[in-house]
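See structure below.
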Amino acid sequence: MPAGIRPPHGAPPAWGRLSRMDPSGCELITRFELKEGSGAALDFDLGDEVFTEIMTRVRSRRRDAEGYFICRLAFTDALQRQNLFLTLSRLKR
Amino acid sequence: MPTVQVISSSEKDKNILQGAFADLGAETIFSLDLNDALTIFERVRPRAVFLADGEDPPSEIKIREILRIAPFMPVVVMLKRRDAARAVALMKLGAFDCAQAPWTPEELRPLLKKALKLSGTALAVAPPPPDTLRKAVMAAGALAAGLFLFALGYGLSQHRKAGAARPPDTVELPYSHPAGIAFADGEILVADWYTQSVYRHSAADHKITGVTSFPDLTPVGLGHSADNLWLATADGRIERLSRDKRLTRTASIAHEMSSLTGLCFDGLYVWTADGRKGVLQKRMNNDSLRVLGEYGYRGELAAFTCDRDFLWAADSKSGEIVKFPLDNPEKPAASMPVAELSDGTFRATALGTDGGSVWLTGERGGKGLLIKKNARF
């Protein structure tokens, strides 16, 4: 699932893929480095819905054997979490 | 060595990318445009496609056309500048990922490596277990694994005592002139030149489960791929057979070797070996089996095969089975002495691998033998 990444402090936008998602957070695979503890806004499509500016915080990060960063991100906005839950529930039905 | 296809009309870009991919150990096939790429694509079957953005036709069309032919092919778009919105848009259309300029080996390395390992997105309505719970689950898992290993060890010791239940590693065949061996659908297939037939043996007890006769062919070698069997014949041809019960012939190709010692498929290329000349040939997997490269073999090649990891040779001079890396067929990676190869009474005629074991067929005292050896050395 492709995702646009907007890092903080005016850093240039990046991109990656979401390899896992649940209402509390997601796993992002990207070649661009995100610092642990930093925030990032994500844009992605889930089913037929477009999610933009989804606020996240990098909870952990590691580099895989191919050189990609695997970041576990937490969704920090309660309302956005609720919307994601509803969409995920609909998709899993 | 993986083969990647690069689509770029720019000579300058081509030179840059040729050097970059060479540094990464990948073989590159260049195409100037989409038509050229699609023509080559069918023949080469690359592991990934890298295309330069900003050329005609647009990357969107190239992605669509490539994925129409090969839906799971990783397509990487090389952007002329960093543009996240465009990268995401192209990835939504099916691009695996996008590279940003400059296209250096450092930039391309993770993309190339990742392109060879694909997976999708796991969706869940409940979050994964928290770390403490995960640790508890892992501890329980470790305990269960310990118990399992104990049970496995006990089971193995009982199995060794039983002994007779396990099929023997050397089998006397009910025919005398085995010339090729392959593996398909859980069965062992052996070609016999004298009876001009391919015999199917059960992998469990080696009993014959079927025979296909080829009254107009004399087999001298047998190889397998996911879809086909390859039967080399004494009249200098390679017959491609579908893996149905009748082993229907789908193509016939002249191999132009003086003495074919073995043939095999490594997942991408077909390999043939000429023991008399001491030559290994790497061939395109298509209807012409065009030779892409030749490599010398030092020794006495009695039988030859390959799998996705290695080329394997039975050497009657050293009395060893030797394996070679696919990307360096002239440098042995390891060897294992095999008593049968040096005892002077056994003549090896074919070699095959099923992933875990390497199998020899041959003749001794007028009888055909099938011998299994551990491939992990």
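Each chain in the structure tokens gets a letter, A, B and so on, in the order shown; residues start at 1 in every chain, and ligands are counted from 1 in the order they appear.
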Q. Any idea what's packed within 7 Å of segment 88-105 of chain B, counting only C-alpha atoms, ignoring anything in its chain fewer than 2 positions away? Could you give it as an NGL selection string?
A. (:A and (2-4 or 15)) or (:B and (20-21 or 23-24 or 60 or 63 or 74-82 or 84-86 or 107-109))
Any chance you can output those residues with C-alpha atoms as a tab-separated table (two decimals), in the first residue's frame?
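File out-v4.tsv, as written:
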```tsv
chain	number	residue	atom	x	y	z
A	2	PRO	CA	1.84	3.14	-1.18
A	3	ALA	CA	2.00	6.08	1.20
A	4	GLY	CA	3.27	9.63	0.98
A	15	TRP	CA	7.35	7.86	0.11
B	20	ALA	CA	25.63	1.03	-11.51
B	21	PHE	CA	23.97	-2.34	-12.04
B	23	ASP	CA	28.51	-2.76	-9.40
B	24	LEU	CA	25.45	-4.38	-7.85
B	60	GLU	CA	2.15	5.15	-16.50
B	63	ILE	CA	3.88	0.16	-16.07
B	74	PRO	CA	8.56	-5.55	-9.78
B	75	VAL	CA	8.68	-2.35	-11.84
B	76	VAL	CA	10.89	0.42	-10.48
B	77	VAL	CA	10.56	3.91	-11.92
B	78	MET	CA	13.70	6.02	-11.87
B	79	LEU	CA	12.60	9.61	-11.30
B	80	LYS	CA	14.63	12.49	-12.70
B	81	ARG	CA	14.10	14.38	-9.43
B	82	ARG	CA	12.67	13.70	-5.98
B	84	ALA	CA	6.96	12.17	-3.59
B	85	ALA	CA	3.53	12.87	-5.10
B	86	ARG	CA	4.56	11.39	-8.43
B	107	GLU	CA	20.49	4.60	-4.48
B	108	LEU	CA	19.66	1.53	-6.56
B	109	ARG	CA	21.02	-1.18	-4.22
```
Q) Taking only C-alpha atoms into account, which residues of chain A are within 8 Å of chain B, as a list in words? A) Met1, Pro2, Ala3, Gly4, Ile5, Pro13, Ala14, Trp15, Gly16, Leu18, Ser19, Arg20, Met21, Asp22, Pro23, Ser24, Gly25, Arg31, Glu66, Gly67, Tyr68, Phe85, Leu88, Ser89 and Lys92 of chain A
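Atom CA of Gly362 of chain B to atom CA of Ser225 of chain B spans 22.4 Å [interatomic distance, one decimal].
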Q: Would you list the contacts of Ala334 of chain B as a PyMOL selection string, taking every protein, DNA or RNA residue within 10 Å and counting only C-alpha atoms, but skipping same-chain residues closer than 2 positions in sequence?
A: chain B and resi 312+320-325+331-332+336+376-377
So which residues touch Gly319 of chain B within 9 Å, counting only C-alpha atoms, skipping near sequence neighbours fewer than 2 positions away, as a JSON list (two decimals) with N, CA and C atoms, in the first residue's frame?
```
[["chain", "number", "residue", "atom", "x", "y", "z"],
["B", 314, "ALA", "N", 29.30, -34.44, -11.28],
["B", 314, "ALA", "CA", 29.88, -35.69, -10.76],
["B", 314, "ALA", "C", 31.17, -35.89, -11.54],
["B", 315, "ASP", "N", 32.28, -35.91, -10.82],
["B", 315, "ASP", "CA", 33.59, -35.99, -11.47],
["B", 315, "ASP", "C", 34.16, -37.39, -11.29],
["B", 316, "SER", "N", 34.34, -38.10, -12.40],
["B", 316, "SER", "CA", 34.80, -39.49, -12.28],
["B", 316, "SER", "C", 36.31, -39.57, -12.04],
["B", 317, "LYS", "N", 37.02, -38.47, -12.26],
["B", 317, "LYS", "CA", 38.47, -38.48, -12.02],
["B", 317, "LYS", "C", 38.77, -38.28, -10.53],
["B", 321, "ILE", "N", 31.46, -35.28, -5.94],
["B", 321, "ILE", "CA", 30.40, -34.40, -6.47],
["B", 321, "ILE", "C", 30.83, -32.98, -6.11],
["B", 336, "MET", "N", 32.35, -33.08, -2.37],
["B", 336, "MET", "CA", 32.11, -34.18, -1.44],
["B", 336, "MET", "C", 32.56, -35.48, -2.10],
["B", 337, "PRO", "N", 33.47, -36.24, -1.46],
["B", 337, "PRO", "CA", 33.86, -37.52, -2.04],
["B", 337, "PRO", "C", 32.67, -38.50, -2.07],
["B", 338, "VAL", "N", 32.56, -39.22, -3.15],
["B", 338, "VAL", "CA", 31.49, -40.21, -3.29],
["B", 338, "VAL", "C", 32.16, -41.53, -3.65],
["B", 339, "ALA", "N", 32.03, -42.51, -2.76],
["B", 339, "ALA", "CA", 32.74, -43.77, -2.92],
["B", 339, "ALA", "C", 32.43, -44.43, -4.26],
["B", 340, "GLU", "N", 31.17, -44.38, -4.66],
["B", 340, "GLU", "CA", 30.77, -45.04, -5.90],
["B", 340, "GLU", "C", 31.50, -44.48, -7.12],
["B", 341, "LEU", "N", 31.81, -43.18, -7.07],
["B", 341, "LEU", "CA", 32.44, -42.55, -8.24],
["B", 341, "LEU", "C", 33.89, -42.98, -8.42],
["B", 342, "SER", "N", 34.51, -43.48, -7.35],
["B", 342, "SER", "CA", 35.92, -43.83, -7.45],
["B", 342, "SER", "C", 36.20, -45.32, -7.27],
["B", 343, "ASP", "N", 35.13, -46.14, -7.14],
["B", 343, "ASP", "CA", 35.41, -47.56, -6.88],
["B", 343, "ASP", "C", 35.68, -48.37, -8.15]]
```
Can you tell me, as a compact mmCIF listing (two decimals) with C-alpha atoms, in the first residue's frame, what residues are no more than 8 Å from Trp193 of chain B when counting only C-alpha atoms, ignoring any on the same chain fewer than 5 positions away?
```txt
# COMPACT_ATOMS: atom_id res chain seq x y z
CA HIS B 177 20.61 -48.04 -18.67
CA PRO B 178 19.48 -44.91 -16.82
CA ALA B 179 20.56 -41.79 -18.69
CA THR B 218 16.95 -42.38 -27.44
CA PRO B 219 17.23 -40.35 -24.23
CA VAL B 220 20.65 -39.22 -23.04
```
Q: Write down as a list of chain:residue names the residues of chain A whose backbone DSSP state falls under helix (DSSP H, G or I).
A: A:Ala78, A:Leu79, A:Gln80, A:Arg81, A:Gln82, A:Asn83, A:Leu84, A:Phe85, A:Leu86, A:Thr87, A:Leu88, A:Ser89, A:Arg90, A:Leu91, A:Lys92
Output N, CA and C atoms of each residue in that selection to a file, as an mmCIF file, in the first residue's frame.
```cif
data_model
loop_
_atom_site.group_PDB
_atom_site.id
_atom_site.type_symbol
_atom_site.label_atom_id
_atom_site.label_comp_id
_atom_site.auth_asym_id
_atom_site.auth_seq_id
_atom_site.Cartn_x
_atom_site.Cartn_y
_atom_site.Cartn_z
ATOM 1 N N ALA A 78 -6.921 10.840 17.873
ATOM 2 C CA ALA A 78 -7.995 9.904 18.251
ATOM 3 C C ALA A 78 -9.094 9.834 17.191
ATOM 4 N N LEU A 79 -9.444 10.967 16.625
ATOM 5 C CA LEU A 79 -10.517 10.982 15.621
ATOM 6 C C LEU A 79 -10.089 10.218 14.360
ATOM 7 N N GLN A 80 -8.845 10.433 13.964
ATOM 8 C CA GLN A 80 -8.330 9.719 12.784
ATOM 9 C C GLN A 80 -8.277 8.211 13.059
ATOM 10 N N ARG A 81 -7.904 7.857 14.291
ATOM 11 C CA ARG A 81 -7.871 6.423 14.668
ATOM 12 C C ARG A 81 -9.256 5.805 14.526
ATOM 13 N N GLN A 82 -10.266 6.551 14.987
ATOM 14 C CA GLN A 82 -11.650 6.062 14.916
ATOM 15 C C GLN A 82 -12.077 5.867 13.454
ATOM 16 N N ASN A 83 -11.741 6.823 12.622
ATOM 17 C CA ASN A 83 -12.096 6.709 11.194
ATOM 18 C C ASN A 83 -11.406 5.508 10.551
ATOM 19 N N LEU A 84 -10.157 5.318 10.905
ATOM 20 C CA LEU A 84 -9.408 4.175 10.362
ATOM 21 C C LEU A 84 -10.031 2.857 10.820
ATOM 22 N N PHE A 85 -10.428 2.828 12.097
ATOM 23 C CA PHE A 85 -11.052 1.609 12.631
ATOM 24 C C PHE A 85 -12.307 1.253 11.834
ATOM 25 N N LEU A 86 -13.121 2.272 11.568
ATOM 26 C CA LEU A 86 -14.372 2.028 10.832
ATOM 27 C C LEU A 86 -14.068 1.501 9.421
ATOM 28 N N THR A 87 -13.088 2.115 8.770
ATOM 29 C CA THR A 87 -12.755 1.667 7.409
ATOM 30 C C THR A 87 -12.170 0.266 7.418
ATOM 31 N N LEU A 88 -11.259 0.006 8.364
ATOM 32 C CA LEU A 88 -10.655 -1.332 8.441
ATOM 33 C C LEU A 88 -11.716 -2.391 8.744
ATOM 34 N N SER A 89 -12.647 -2.058 9.628
ATOM 35 C CA SER A 89 -13.709 -3.014 9.964
ATOM 36 C C SER A 89 -14.533 -3.327 8.722
ATOM 37 N N ARG A 90 -14.791 -2.311 7.937
ATOM 38 C CA ARG A 90 -15.596 -2.509 6.721
ATOM 39 C C ARG A 90 -14.832 -3.385 5.722
ATOM 40 N N LEU A 91 -13.514 -3.140 5.615
ATOM 41 C CA LEU A 91 -12.718 -3.913 4.661
ATOM 42 C C LEU A 91 -12.574 -5.370 5.081
ATOM 43 N N LYS A 92 -12.526 -5.604 6.388
ATOM 44 C CA LYS A 92 -12.310 -6.974 6.870
ATOM 45 C C LYS A 92 -13.595 -7.790 6.845
#
```
Q. What residues in segment 163-316 of chain B get the DSSP label strand (DSSP E or B)? Please answer as a count of residues only.
A. 87
Q. Skipping near chain neighbours, those fewer than 3 positions away, what residues fall within 7 Å of segment 369-373 of chain B using only C-alpha atoms, listed as number ranges by chain?
A. B: 169-173, 357-363
With N, CA and C atoms retained, export the selected residues as a tab-separated table (two decimals), in the first residue's frame.
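Heads up, here's the output in selection.tsv:
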```tsv
chain	number	residue	atom	x	y	z
B	169	ASP	N	19.12	-45.65	0.53
B	169	ASP	CA	19.74	-44.58	-0.24
B	169	ASP	C	20.29	-45.09	-1.58
B	170	THR	N	20.41	-46.39	-1.73
B	170	THR	CA	20.81	-46.96	-3.03
B	170	THR	C	19.74	-47.94	-3.49
B	171	VAL	N	19.24	-47.71	-4.69
B	171	VAL	CA	18.14	-48.52	-5.20
B	171	VAL	C	18.56	-49.18	-6.50
B	172	GLU	N	18.31	-50.48	-6.60
B	172	GLU	CA	18.56	-51.17	-7.86
B	172	GLU	C	17.34	-51.00	-8.75
B	173	LEU	N	17.55	-50.47	-9.94
B	173	LEU	CA	16.42	-50.17	-10.82
B	173	LEU	C	16.05	-51.40	-11.66
B	357	SER	N	18.49	-33.26	-1.55
B	357	SER	CA	19.44	-34.33	-1.84
B	357	SER	C	19.91	-34.23	-3.28
B	358	VAL	N	21.07	-34.84	-3.52
B	358	VAL	CA	21.55	-34.95	-4.88
B	358	VAL	C	21.53	-36.44	-5.23
B	359	TRP	N	21.03	-36.75	-6.41
B	359	TRP	CA	20.81	-38.14	-6.81
B	359	TRP	C	21.70	-38.47	-8.00
B	360	LEU	N	22.29	-39.65	-7.94
B	360	LEU	CA	23.10	-40.15	-9.04
B	360	LEU	C	22.40	-41.35	-9.66
B	361	THR	N	22.43	-41.44	-10.97
B	361	THR	CA	22.06	-42.71	-11.58
B	361	THR	C	23.28	-43.23	-12.32
B	362	GLY	N	23.33	-44.52	-12.53
B	362	GLY	CA	24.46	-45.10	-13.23
B	362	GLY	C	24.30	-46.59	-13.37
B	363	GLU	N	25.34	-47.20	-13.87
B	363	GLU	CA	25.30	-48.64	-14.12
B	363	GLU	C	26.44	-49.33	-13.36
```
